Structures are given as structure tokens and as C-alpha cells.
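Novice: Dropping in structure.pdb, which is PDB, C-alpha atoms:
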ATOM      1  CA  MET A  95      41.257 -64.390 -33.495  1.00  0.00           C
ATOM      2  CA  SER A  96      43.269 -61.211 -34.015  1.00  0.00           C
ATOM      3  CA  ASN A  97      44.383 -58.913 -31.225  1.00  0.00           C
ATOM      4  CA  VAL A  98      42.180 -56.208 -32.711  1.00  0.00           C
ATOM      5  CA  ALA A  99      39.109 -58.430 -32.435  1.00  0.00           C
ATOM      6  CA  GLN A 100      39.952 -59.327 -28.836  1.00  0.00           C
ATOM      7  CA  ARG A 101      40.504 -55.725 -27.735  1.00  0.00           C
ATOM      8  CA  ARG A 102      37.694 -54.233 -25.653  1.00  0.00           C
ATOM      9  CA  PRO A 103      38.746 -50.818 -24.382  1.00  0.00           C
ATOM     10  CA  TRP A 104      37.281 -48.511 -21.821  1.00  0.00           C
ATOM     11  CA  ILE A 105      36.332 -45.272 -23.516  1.00  0.00           C
ATOM     12  CA  VAL A 106      37.327 -42.221 -21.481  1.00  0.00           C
ATOM     13  CA  GLY A 107      35.679 -38.975 -22.520  1.00  0.00           C
ATOM     14  CA  VAL A 108      37.060 -35.720 -21.152  1.00  0.00           C
ATOM     15  CA  SER A 109      34.665 -32.776 -21.442  1.00  0.00           C
ATOM     16  CA  GLY A 110      35.291 -29.088 -20.821  1.00  0.00           C
ATOM     17  CA  ALA A 111      34.304 -28.931 -17.145  1.00  0.00           C
ATOM     18  CA  SER A 112      36.854 -27.978 -14.529  1.00  0.00           C
ATOM     19  CA  GLY A 113      38.333 -31.082 -12.949  1.00  0.00           C
ATOM     20  CA  THR A 114      40.730 -32.486 -15.534  1.00  0.00           C
ATOM     21  CA  PRO A 115      42.932 -33.884 -12.715  1.00  0.00           C
ATOM     22  CA  TYR A 116      40.114 -36.396 -12.124  1.00  0.00           C
ATOM     23  CA  ALA A 117      40.427 -37.517 -15.742  1.00  0.00           C
ATOM     24  CA  ALA A 118      44.187 -37.828 -15.406  1.00  0.00           C
ATOM     25  CA  ALA A 119      43.839 -39.963 -12.269  1.00  0.00           C
ATOM     26  CA  VAL A 120      41.322 -42.284 -13.955  1.00  0.00           C
ATOM     27  CA  LEU A 121      43.531 -42.637 -17.024  1.00  0.00           C
ATOM     28  CA  ARG A 122      46.646 -43.394 -14.953  1.00  0.00           C
ATOM     29  CA  ALA A 123      44.748 -46.002 -12.930  1.00  0.00           C
ATOM     30  CA  LEU A 124      43.318 -47.747 -16.003  1.00  0.00           C
ATOM     31  CA  ILE A 125      46.747 -47.814 -17.619  1.00  0.00           C
ATOM     32  CA  ALA A 126      48.329 -49.141 -14.402  1.00  0.00           C
ATOM     33  CA  ALA A 127      45.716 -51.917 -14.335  1.00  0.00           C
ATOM     34  CA  GLY A 128      46.679 -52.928 -17.872  1.00  0.00           C
ATOM     35  CA  GLU A 129      43.299 -51.916 -19.299  1.00  0.00           C
ATOM     36  CA  PRO A 130      43.091 -50.770 -22.945  1.00  0.00           C
ATOM     37  CA  VAL A 131      41.762 -47.223 -23.301  1.00  0.00           C
ATOM     38  CA  ASP A 132      40.135 -45.225 -26.075  1.00  0.00           C
ATOM     39  CA  LEU A 133      40.428 -41.509 -25.329  1.00  0.00           C
ATOM     40  CA  ILE A 134      38.178 -38.684 -26.536  1.00  0.00           C
ATOM     41  CA  VAL A 135      39.004 -35.109 -25.522  1.00  0.00           C
ATOM     42  CA  SER A 136      36.439 -32.449 -26.388  1.00  0.00           C
ATOM     43  CA  ARG A 137      37.513 -29.148 -27.875  1.00  0.00           C
ATOM     44  CA  ALA A 138      36.507 -27.308 -24.716  1.00  0.00           C
ATOM     45  CA  ALA A 139      38.476 -29.822 -22.615  1.00  0.00           C
ATOM     46  CA  ARG A 140      41.676 -28.916 -24.441  1.00  0.00           C
ATOM     47  CA  LEU A 141      41.374 -25.365 -23.119  1.00  0.00           C
ATOM     48  CA  THR A 142      40.570 -26.601 -19.616  1.00  0.00           C
ATOM     49  CA  ILE A 143      43.565 -28.970 -19.612  1.00  0.00           C
ATOM     50  CA  LEU A 144      45.789 -26.082 -20.664  1.00  0.00           C
ATOM     51  CA  ASP A 145      44.314 -23.761 -18.012  1.00  0.00           C
ATOM     52  CA  GLU A 146      44.505 -26.297 -15.178  1.00  0.00           C
ATOM     53  CA  THR A 147      47.804 -28.002 -15.966  1.00  0.00           C
ATOM     54  CA  GLY A 148      49.675 -25.818 -18.459  1.00  0.00           C
ATOM     55  CA  ALA A 149      49.860 -28.816 -20.814  1.00  0.00           C
ATOM     56  CA  PRO A 150      48.551 -28.466 -24.386  1.00  0.00           C
ATOM     57  CA  PHE A 151      46.562 -31.236 -26.046  1.00  0.00           C
ATOM     58  CA  ARG A 152      46.849 -31.398 -29.840  1.00  0.00           C
ATOM     59  CA  ASP A 153      45.546 -34.010 -32.257  1.00  0.00           C
ATOM     60  CA  GLY A 154      48.845 -34.330 -34.100  1.00  0.00           C
ATOM     61  CA  HIS A 155      50.917 -34.598 -30.913  1.00  0.00           C
ATOM     62  CA  TRP A 156      48.410 -36.278 -28.631  1.00  0.00           C
ATOM     63  CA  ARG A 157      50.697 -39.033 -27.342  1.00  0.00           C
ATOM     64  CA  ASP A 158      53.475 -36.642 -26.313  1.00  0.00           C
ATOM     65  CA  ASP A 159      50.956 -34.184 -24.882  1.00  0.00           C
ATOM     66  CA  LEU A 160      49.193 -36.969 -22.968  1.00  0.00           C
ATOM     67  CA  ALA A 161      52.516 -38.082 -21.482  1.00  0.00           C
ATOM     68  CA  LYS A 162      53.140 -34.535 -20.246  1.00  0.00           C
ATOM     69  CA  TRP A 163      49.609 -34.240 -18.877  1.00  0.00           C
ATOM     70  CA  LEU A 164      49.718 -37.561 -17.031  1.00  0.00           C
ATOM     71  CA  GLY A 165      53.364 -37.259 -16.078  1.00  0.00           C
ATOM     72  CA  SER A 166      54.070 -40.784 -17.258  1.00  0.00           C
ATOM     73  CA  ASP A 167      55.656 -42.669 -20.135  1.00  0.00           C
ATOM     74  CA  MET A 168      53.225 -43.611 -22.914  1.00  0.00           C
ATOM     75  CA  THR A 169      55.568 -46.194 -24.455  1.00  0.00           C
ATOM     76  CA  ASP A 170      53.922 -49.628 -24.865  1.00  0.00           C
ATOM     77  CA  VAL A 171      50.617 -48.324 -23.475  1.00  0.00           C
ATOM     78  CA  ASP A 172      47.447 -49.622 -25.143  1.00  0.00           C
ATOM     79  CA  ILE A 173      45.669 -46.341 -25.776  1.00  0.00           C
ATOM     80  CA  THR A 174      43.908 -45.044 -28.870  1.00  0.00           C
ATOM     81  CA  TYR A 175      42.957 -41.412 -29.370  1.00  0.00           C
ATOM     82  CA  TRP A 176      39.912 -40.306 -31.362  1.00  0.00           C
ATOM     83  CA  PRO A 177      39.396 -36.610 -32.232  1.00  0.00           C
ATOM     84  CA  ALA A 178      36.114 -35.258 -30.906  1.00  0.00           C
ATOM     85  CA  GLY A 179      35.012 -34.229 -34.397  1.00  0.00           C
ATOM     86  CA  ASP A 180      35.552 -37.677 -35.941  1.00  0.00           C
ATOM     87  CA  PHE A 181      32.054 -39.118 -36.334  1.00  0.00           C
ATOM     88  CA  ALA A 182      33.483 -41.975 -38.407  1.00  0.00           C
ATOM     89  CA  ALA A 183      35.533 -43.154 -35.393  1.00  0.00           C
ATOM     90  CA  GLY A 184      35.075 -46.626 -33.975  1.00  0.00           C
ATOM     91  CA  PRO A 185      33.259 -45.533 -30.787  1.00  0.00           C
ATOM     92  CA  SER A 186      30.516 -43.879 -32.860  1.00  0.00           C
ATOM     93  CA  SER A 187      29.114 -47.319 -33.699  1.00  0.00           C
ATOM     94  CA  GLY A 188      27.461 -49.893 -31.476  1.00  0.00           C
ATOM     95  CA  SER A 189      29.299 -52.636 -33.370  1.00  0.00           C
ATOM     96  CA  TYR A 190      32.610 -51.317 -32.009  1.00  0.00           C
ATOM     97  CA  PRO A 191      33.442 -53.512 -28.997  1.00  0.00           C
ATOM     98  CA  THR A 192      34.037 -51.710 -25.702  1.00  0.00           C
ATOM     99  CA  ASN A 193      33.807 -52.458 -22.000  1.00  0.00           C
ATOM    100  CA  GLY A 194      31.916 -49.214 -21.442  1.00  0.00           C
ATOM    101  CA  MET A 195      32.567 -45.508 -21.062  1.00  0.00           C
ATOM    102  CA  ILE A 196      33.636 -43.016 -18.413  1.00  0.00           C
ATOM    103  CA  VAL A 197      32.936 -39.303 -18.875  1.00  0.00           C
ATOM    104  CA  VAL A 198      35.223 -37.437 -16.500  1.00  0.00           C
ATOM    105  CA  PRO A 199      34.830 -34.629 -15.779  1.00  0.00           C
ATOM    106  CA  ALA A 200      31.342 -34.238 -17.236  1.00  0.00           C
ATOM    107  CA  SER A 201      30.239 -30.693 -17.956  1.00  0.00           C
ATOM    108  CA  THR A 202      26.578 -29.777 -17.625  1.00  0.00           C
ATOM    109  CA  ALA A 203      26.506 -29.318 -21.412  1.00  0.00           C
ATOM    110  CA  ALA A 204      27.897 -32.834 -21.952  1.00  0.00           C
ATOM    111  CA  CYS A 205      25.404 -34.296 -19.470  1.00  0.00           C
ATOM    112  CA  ALA A 206      22.535 -32.549 -21.237  1.00  0.00           C
ATOM    113  CA  GLY A 207      23.741 -33.615 -24.674  1.00  0.00           C
ATOM    114  CA  ILE A 208      24.088 -37.254 -23.655  1.00  0.00           C
ATOM    115  CA  ALA A 209      20.761 -37.249 -21.799  1.00  0.00           C
ATOM    116  CA  ILE A 210      18.770 -36.003 -24.798  1.00  0.00           C
ATOM    117  CA  GLY A 211      20.779 -37.831 -27.466  1.00  0.00           C
ATOM    118  CA  LEU A 212      22.150 -34.656 -29.047  1.00  0.00           C
ATOM    119  CA  SER A 213      25.392 -36.290 -30.302  1.00  0.00           C
ATOM    120  CA  LYS A 214      27.005 -32.877 -30.693  1.00  0.00           C
ATOM    121  CA  ASP A 215      30.451 -34.486 -30.876  1.00  0.00           C
ATOM    122  CA  LEU A 216      32.067 -37.912 -30.662  1.00  0.00           C
ATOM    123  CA  LEU A 217      32.105 -37.833 -26.864  1.00  0.00           C
ATOM    124  CA  GLN A 218      28.337 -37.441 -26.674  1.00  0.00           C
ATOM    125  CA  ARG A 219      27.767 -39.921 -29.493  1.00  0.00           C
ATOM    126  CA  ALA A 220      29.994 -42.573 -27.897  1.00  0.00           C
ATOM    127  CA  ALA A 221      28.224 -42.201 -24.552  1.00  0.00           C
ATOM    128  CA  GLU A 222      24.833 -42.514 -26.233  1.00  0.00           C
ATOM    129  CA  VAL A 223      26.025 -45.621 -28.113  1.00  0.00           C
ATOM    130  CA  ASN A 224      27.240 -47.300 -24.935  1.00  0.00           C
ATOM    131  CA  LEU A 225      23.956 -46.512 -23.191  1.00  0.00           C
ATOM    132  CA  LYS A 226      21.865 -47.985 -25.992  1.00  0.00           C
ATOM    133  CA  GLU A 227      24.082 -51.065 -26.044  1.00  0.00           C
ATOM    134  CA  ARG A 228      23.524 -51.414 -22.275  1.00  0.00           C
ATOM    135  CA  ARG A 229      27.206 -51.141 -21.453  1.00  0.00           C
ATOM    136  CA  PRO A 230      28.432 -49.468 -18.264  1.00  0.00           C
ATOM    137  CA  VAL A 231      28.540 -45.682 -18.503  1.00  0.00           C
ATOM    138  CA  VAL A 232      29.856 -43.592 -15.611  1.00  0.00           C
ATOM    139  CA  VAL A 233      29.320 -39.832 -15.671  1.00  0.00           C
ATOM    140  CA  VAL A 234      31.298 -37.655 -13.243  1.00  0.00           C
ATOM    141  CA  PRO A 235      29.638 -34.209 -13.096  1.00  0.00           C
ATOM    142  CA  ARG A 236      31.726 -31.391 -11.657  1.00  0.00           C
ATOM    143  CA  GLU A 237      29.465 -28.400 -11.082  1.00  0.00           C
ATOM    144  CA  THR A 238      28.128 -26.558  -8.061  1.00  0.00           C
ATOM    145  CA  PRO A 239      25.550 -25.362  -7.330  1.00  0.00           C
ATOM    146  CA  VAL A 240      23.266 -27.208  -9.707  1.00  0.00           C
ATOM    147  CA  SER A 241      20.094 -25.977 -11.344  1.00  0.00           C
ATOM    148  CA  ARG A 242      16.843 -27.853 -11.803  1.00  0.00           C
ATOM    149  CA  SER A 243      17.671 -28.519 -15.459  1.00  0.00           C
ATOM    150  CA  HIS A 244      21.018 -30.006 -14.461  1.00  0.00           C
ATOM    151  CA  LEU A 245      19.312 -32.346 -12.017  1.00  0.00           C
ATOM    152  CA  LEU A 246      16.695 -33.387 -14.571  1.00  0.00           C
ATOM    153  CA  HIS A 247      19.420 -34.286 -17.062  1.00  0.00           C
ATOM    154  CA  LEU A 248      21.217 -36.349 -14.420  1.00  0.00           C
ATOM    155  CA  VAL A 249      17.982 -38.165 -13.600  1.00  0.00           C
ATOM    156  CA  ALA A 250      17.506 -38.842 -17.324  1.00  0.00           C
ATOM    157  CA  LEU A 251      21.016 -40.328 -17.464  1.00  0.00           C
ATOM    158  CA  ILE A 252      20.246 -42.602 -14.507  1.00  0.00           C
ATOM    159  CA  ASP A 253      16.980 -43.654 -16.144  1.00  0.00           C
ATOM    160  CA  ALA A 254      18.953 -44.499 -19.305  1.00  0.00           C
ATOM    161  CA  GLY A 255      21.246 -46.791 -17.297  1.00  0.00           C
ATOM    162  CA  ALA A 256      24.218 -44.558 -16.502  1.00  0.00           C
ATOM    163  CA  THR A 257      25.881 -44.257 -13.116  1.00  0.00           C
ATOM    164  CA  VAL A 258      26.090 -40.625 -12.000  1.00  0.00           C
ATOM    165  CA  LEU A 259      29.118 -40.232  -9.749  1.00  0.00           C
ATOM    166  CA  PRO A 260      29.557 -36.609  -8.643  1.00  0.00           C
ATOM    167  CA  ALA A 261      33.071 -35.413  -7.946  1.00  0.00           C
ATOM    168  CA  SER A 262      32.417 -35.342  -4.186  1.00  0.00           C
ATOM    169  CA  PRO A 263      35.413 -36.884  -2.414  1.00  0.00           C
ATOM    170  CA  GLY A 264      35.106 -38.621   0.941  1.00  0.00           C
ATOM    171  CA  PHE A 265      37.526 -37.331   3.556  1.00  0.00           C
ATOM    172  CA  TYR A 266      37.410 -40.524   5.623  1.00  0.00           C
ATOM    173  CA  ALA A 267      39.842 -42.196   3.209  1.00  0.00           C
ATOM    174  CA  ALA A 268      42.676 -39.850   4.153  1.00  0.00           C
ATOM    175  CA  GLY A 269      41.466 -37.832   7.141  1.00  0.00           C
ATOM    176  CA  ALA A 270      41.132 -34.099   7.657  1.00  0.00           C
ATOM    177  CA  SER A 271      44.690 -33.551   6.442  1.00  0.00           C
ATOM    178  CA  ALA A 272      43.996 -35.131   3.052  1.00  0.00           C
ATOM    179  CA  SER A 273      45.947 -33.679   0.154  1.00  0.00           C
ATOM    180  CA  ALA A 274      44.346 -32.620  -3.104  1.00  0.00           C
ATOM    181  CA  GLY A 275      45.937 -35.646  -4.760  1.00  0.00           C
ATOM    182  CA  GLN A 276      44.361 -38.018  -2.240  1.00  0.00           C
ATOM    183  CA  LEU A 277      40.917 -36.496  -2.767  1.00  0.00           C
ATOM    184  CA  ILE A 278      41.304 -36.744  -6.547  1.00  0.00           C
ATOM    185  CA  ASP A 279      42.405 -40.378  -6.237  1.00  0.00           C
ATOM    186  CA  PHE A 280      39.350 -41.106  -4.078  1.00  0.00           C
ATOM    187  CA  ILE A 281      37.018 -40.105  -6.915  1.00  0.00           C
ATOM    188  CA  ALA A 282      39.102 -41.987  -9.487  1.00  0.00           C
ATOM    189  CA  GLY A 283      38.969 -45.048  -7.239  1.00  0.00           C
ATOM    190  CA  LYS A 284      35.193 -44.825  -6.900  1.00  0.00           C
ATOM    191  CA  VAL A 285      34.934 -44.678 -10.699  1.00  0.00           C
ATOM    192  CA  LEU A 286      37.065 -47.804 -11.036  1.00  0.00           C
ATOM    193  CA  ASP A 287      34.974 -49.536  -8.361  1.00  0.00           C
ATOM    194  CA  VAL A 288      31.862 -48.956 -10.448  1.00  0.00           C
ATOM    195  CA  VAL A 289      33.420 -50.428 -13.596  1.00  0.00           C
ATOM    196  CA  GLY A 290      35.029 -53.332 -11.741  1.00  0.00           C
ATOM    197  CA  VAL A 291      38.700 -52.455 -12.241  1.00  0.00           C
ATOM    198  CA  ARG A 292      40.999 -53.211  -9.309  1.00  0.00           C
ATOM    199  CA  HIS A 293      43.044 -50.398  -7.808  1.00  0.00           C
ATOM    200  CA  THR A 294      44.781 -49.186  -4.662  1.00  0.00           C
ATOM    201  CA  LEU A 295      43.884 -45.515  -4.966  1.00  0.00           C
ATOM    202  CA  PHE A 296      42.435 -45.108  -1.472  1.00  0.00           C
ATOM    203  CA  THR A 297      42.214 -46.834   1.902  1.00  0.00           C
ATOM    204  CA  ARG A 298      38.858 -48.556   2.278  1.00  0.00           C
ATOM    205  CA  TRP A 299      36.601 -48.122   5.272  1.00  0.00           C
ATOM    206  CA  THR A 300      36.588 -51.237   7.406  1.00  0.00           C
ATOM    207  CA  GLY A 301      34.337 -50.062  10.225  1.00  0.00           C
ATOM    208  CA  GLY A 302      35.142 -49.122  13.786  1.00  0.00           C
ATOM    209  CA  VAL A 303      36.437 -45.814  15.091  1.00  0.00           C
TER     210      VAL A 303
END
Would you put the structure from the file into C-alpha cells?

Specialist:
Amino acid sequence: MSNVAQRRPWIVGVSGASGTPYAAAVLRALIAAGEPVDLIVSRAARLTILDETGAPFRDGHWRDDLAKWLGSDMTDVDITYWPAGDFAAGPSSGSYPTNGMIVVPASTAACAGIAIGLSKDLLQRAAEVNLKERRPVVVVPRETPVSRSHLLHLVALIDAGATVLPASPGFYAAGASASAGQLIDFIAGKVLDVVGVRHTLFTRWTGGV
């Protein structure tokens, strides 16, 4: 059996919501765990990445741009990038083998599109495919406050089999003096817990005082 046939990546979809550091933390953790990754970055997410980190993200230079965004070397890393407008990409089909998908951060528009099967872009299509194939799908919404329509779309995602994991960090993992990086890692760690990937991103609660 070829290496291609054996490869089952985690698809990571980055939408245009604020919170791209959460995506970076999840990507770094998956890479550190030796997990193969397929990456989809929406057009709106490119602008958010630039606004929040100062790093551009371009199709033709994605590997170099990703290295700058993550602050790590992309040499010998098993990662494949699919442009958001490529509906002929592997993740658009249920026959493409994956372990599941993580949408982080998930904008309200992305949540709505996935919930109603809009398939506006490859990110939404890939999430819909993984849901219909009954593979794990984790959606990390980053919006506050939320409207009734937002909540209904999240309920629809749960009913379809997704895990909705709001970007709501727990302070107990690092205490009241927690840094932004520790709070970001907490959410990334919770995502990896859901998909069963080992990590050391936060200190676990063991009980007591």
C-alpha cells in the first residue's frame, strides 16, 4: 500500500473570525504530534491573519507564509494546502480519507454555511463532507454576544454530529495570572482532547484545592 493511500490527515479549516492564534496553536500541536494536516484558509481568514499577526497568507507562497505565521520550520512537515476556491480538491469528496475536521476559529457565517449545507467554499464543503461521513468535526466559534440565529445554527451542527467547542478558556489551568498564550493553548488542548490527539498544552485538573 502506498504512503498516499495510508495517509489520513486532519483537515484544519481557518475561517475569517477573529481568533487566528487559536488556529495557529492547533496547527502547531498537530504538527508536534506528528499528525498529517490538510489546511484550508478562507479568503476572509487571510485578511484576519494579516490583521492579527502581520503575516500574509498567499496561495503561491503558502508554505513560507505558514512558517512565518506559526513561527516554526515547515521543512519535512506533512501538511497539504488546498485553496478555499478549489472545489475539485481532495477534501471536497467523501472518498478522500481523513481523520476528521477542525474549524478554528469558526465565524458565524461559516457555522451557518456548514449547518445548512451551503458549501459556499471548500471549507464549508469539507466540513459538510466529514459530517455526512460521520467523521469527527470540531467547530470553534469565536463570537460574543450571540444571536438566536447563531445559537440555532450551533444546535443544528450538534444535531448533525459536530462538537461545538466555544473559544472560552478555563483559567484554572494557569491561574489568575495566565498569559494570553496559556489561554490560547488551553482551547487548542481541548480541541485535541476531543479528536484524541495527545498533547501537553495545559496542566490538567486533578481535584483538590

Novice: Could you tell me which of A:Phe265, A:Phe151, A:Tyr116, A:Tyr190 comes closest to Arg229 in chain A if we count all atoms listed in the file?

Specialist: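 Under the stated criterion, the closest residue is A:Tyr190.
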
Novice: CA of Leu295 in chain A and CA of Val233 in chain A are how many Å apart?

Specialist: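 So the answer is 18.9 Å.
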
Novice: Identify which of the residues A:Gly283, A:Gly211, A:Gly179, A:Pro235 lies closest to Ala138 in chain A, counting all atoms listed in the file when measuring atom-to-atom distances.

Specialist: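 Selected residue with least distance to Ala138 in chain A: A:Gly179.
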
Novice: For the provided coordinates, the residues matched by the PyMOL selection byres ((chain A and resi 231) around 8) should be stated as a ChimeraX atom specification.

Specialist: /A:194-197,221,224-225,229-230,232-233,255-257

Novice: For the file shown, what are the residues hit by the PyMOL selection byres ((chain A and resi 294) around 10), laid out as a ChimeraX atom specification?

Specialist: /A:123,279-280,283,292-293,295-298

Novice: Translate the PyMOL selection byres ((chain A and resi 249) around 12), as applied to the file shown, into an explicit residue set as a PyMOL selection string.

Specialist: chain A and resi 205-206+208-210+233+242-248+250-259

Novice: Pick the closest to Ile125 in chain A from A:Val171, A:Val108, A:Ala203, A:Leu164: which is it, counting all atoms listed in the file?

Specialist: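 Going through A:Val171, A:Val108, A:Ala203, A:Leu164 one by one, the smallest distance to Ile125 in chain A is for A:Val171.
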
Novice: Using all atoms listed in the file for the distances, tell me which of A:Leu133, A:Leu141, A:Val288, A:Ala161 is nearest to Ala117 in chain A.

Specialist: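 Among A:Leu133, A:Leu141, A:Val288, A:Ala161, it is A:Leu133 that comes nearest to Ala117 in chain A.
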
Novice: Measuring between only C-alpha atoms, which one of A:Asp145, A:Asp287, A:Asp215, A:Asp153 shows the shortest distance to Ser186 in chain A?

Specialist: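 The answer is A:Asp215, which sits nearest to Ser186 in chain A.
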
Novice: Got a sec to check which residues sit within 7 Å of (37.0, -31.2, -21.6), counting only C-alpha atoms, and write them as an NGL selection string?

Specialist: :A and (108-111 or 135-140 or 142)

Novice: Given the choices A:Thr174, A:Thr114, A:Ala149, A:Arg219, which gets closest to Gly188 in chain A if the distance is worked out from only C-alpha atoms?

Specialist: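 Checking each of A:Thr174, A:Thr114, A:Ala149, A:Arg219 against Gly188 in chain A, counting only C-alpha atoms, the winner is A:Arg219.
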
Novice: Using all atoms listed in the file, determine which residues lie at most 12 Å from Ser262 in chain A, disregarding the query and same-chain residues fewer than 5 positions distant; provide the list as an mmCIF file with C-alpha atoms, keeping the file's coordinate frame.

Specialist:
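What ended up in around-v7.cif:
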data_model
loop_
_atom_site.group_PDB
_atom_site.id
_atom_site.type_symbol
_atom_site.label_atom_id
_atom_site.label_comp_id
_atom_site.auth_asym_id
_atom_site.auth_seq_id
_atom_site.Cartn_x
_atom_site.Cartn_y
_atom_site.Cartn_z
ATOM 1 C CA GLY A 113 38.333 -31.082 -12.949
ATOM 2 C CA TYR A 116 40.114 -36.396 -12.124
ATOM 3 C CA PRO A 199 34.830 -34.629 -15.779
ATOM 4 C CA VAL A 234 31.298 -37.655 -13.243
ATOM 5 C CA PRO A 235 29.638 -34.209 -13.096
ATOM 6 C CA ARG A 236 31.726 -31.391 -11.657
ATOM 7 C CA GLU A 237 29.465 -28.400 -11.082
ATOM 8 C CA THR A 238 28.128 -26.558 -8.061
ATOM 9 C CA LEU A 277 40.917 -36.496 -2.767
ATOM 10 C CA ILE A 278 41.304 -36.744 -6.547
ATOM 11 C CA ASP A 279 42.405 -40.378 -6.237
ATOM 12 C CA PHE A 280 39.350 -41.106 -4.078
ATOM 13 C CA ILE A 281 37.018 -40.105 -6.915
ATOM 14 C CA ALA A 282 39.102 -41.987 -9.487
ATOM 15 C CA LYS A 284 35.193 -44.825 -6.900
ATOM 16 C CA VAL A 285 34.934 -44.678 -10.699
#

Novice: Please indicate the distance in Å from CA of Asn193 in chain A to CA of Ser166 in chain A, rounded to one decimal place.

Specialist: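 Atom-to-atom, CA of Asn193 in chain A to CA of Ser166 in chain A, that is 23.9 Å.
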
Novice: Might you pull out every residue within 9 Å of Glu129 in chain A, with only C-alpha atoms counted and same-chain residues fewer than 5 positions away left off, and present them as an NGL selection string?

Specialist: :A and (102-104 or 123-124 or 172-173 or 291)

Novice: Mind pulling up the distance from CA of Leu144 in chain A to CA of Val131 in chain A?

Specialist: 21.7 Å

Novice: Give the padded box for range 248-260 of chain A as lines of an AutoDock Vina configuration file: axis-aligned, covering all atoms listed in the file, 6 Å on each side, centre and edge lengths in Å to one decimal.

Specialist:
center_x = 23.3
center_y = -41.6
center_z = -14.0
size_x = 24.6
size_y = 22.4
size_z = 22.7

Novice: Show me that you can extract range 197-203 of chain A, keeping all heavy atoms, and write it as a CSV table (one decimal), in the first residue's frame.

Specialist:
chain,number,residue,atom,x,y,z
A,197,VAL,N,-12.6,23.2,12.5
A,197,VAL,CA,-12.8,24.6,12.0
A,197,VAL,C,-12.5,25.5,13.1
A,197,VAL,O,-13.2,25.6,14.1
A,197,VAL,CB,-14.2,24.8,11.5
A,197,VAL,CG1,-14.4,26.2,10.9
A,197,VAL,CG2,-14.6,23.7,10.5
A,198,VAL,N,-11.4,26.3,13.0
A,198,VAL,CA,-10.9,27.1,14.1
A,198,VAL,C,-10.1,28.3,13.5
A,198,VAL,O,-9.2,28.1,12.8
A,198,VAL,CB,-10.0,26.3,15.1
A,198,VAL,CG1,-8.8,25.6,14.4
A,198,VAL,CG2,-9.5,27.2,16.2
A,199,PRO,N,-10.5,29.5,13.9
A,199,PRO,CA,-11.8,29.8,14.5
A,199,PRO,C,-12.9,29.7,13.5
A,199,PRO,O,-12.7,29.7,12.3
A,199,PRO,CB,-11.6,31.3,14.9
A,199,PRO,CG,-10.7,31.9,13.9
A,199,PRO,CD,-9.8,30.7,13.5
A,200,ALA,N,-14.2,29.5,14.0
A,200,ALA,CA,-15.3,29.4,13.1
A,200,ALA,C,-16.2,30.7,13.2
A,200,ALA,O,-16.7,31.0,14.3
A,200,ALA,CB,-16.2,28.2,13.6
A,201,SER,N,-16.3,31.4,12.1
A,201,SER,CA,-17.1,32.6,12.1
A,201,SER,C,-18.6,32.2,12.1
A,201,SER,O,-18.9,31.0,11.8
A,201,SER,CB,-16.8,33.4,10.8
A,201,SER,OG,-17.2,32.6,9.7
A,202,THR,N,-19.4,33.1,12.4
A,202,THR,CA,-20.9,32.8,12.4
A,202,THR,C,-21.3,32.5,11.0
A,202,THR,O,-22.2,31.6,10.8
A,202,THR,CB,-21.7,34.0,13.0
A,202,THR,OG1,-21.3,35.2,12.2
A,202,THR,CG2,-21.4,34.2,14.4
A,203,ALA,N,-20.7,33.1,10.0
A,203,ALA,CA,-21.1,32.8,8.6
A,203,ALA,C,-20.7,31.4,8.3
A,203,ALA,O,-21.4,30.7,7.6
A,203,ALA,CB,-20.4,33.8,7.7
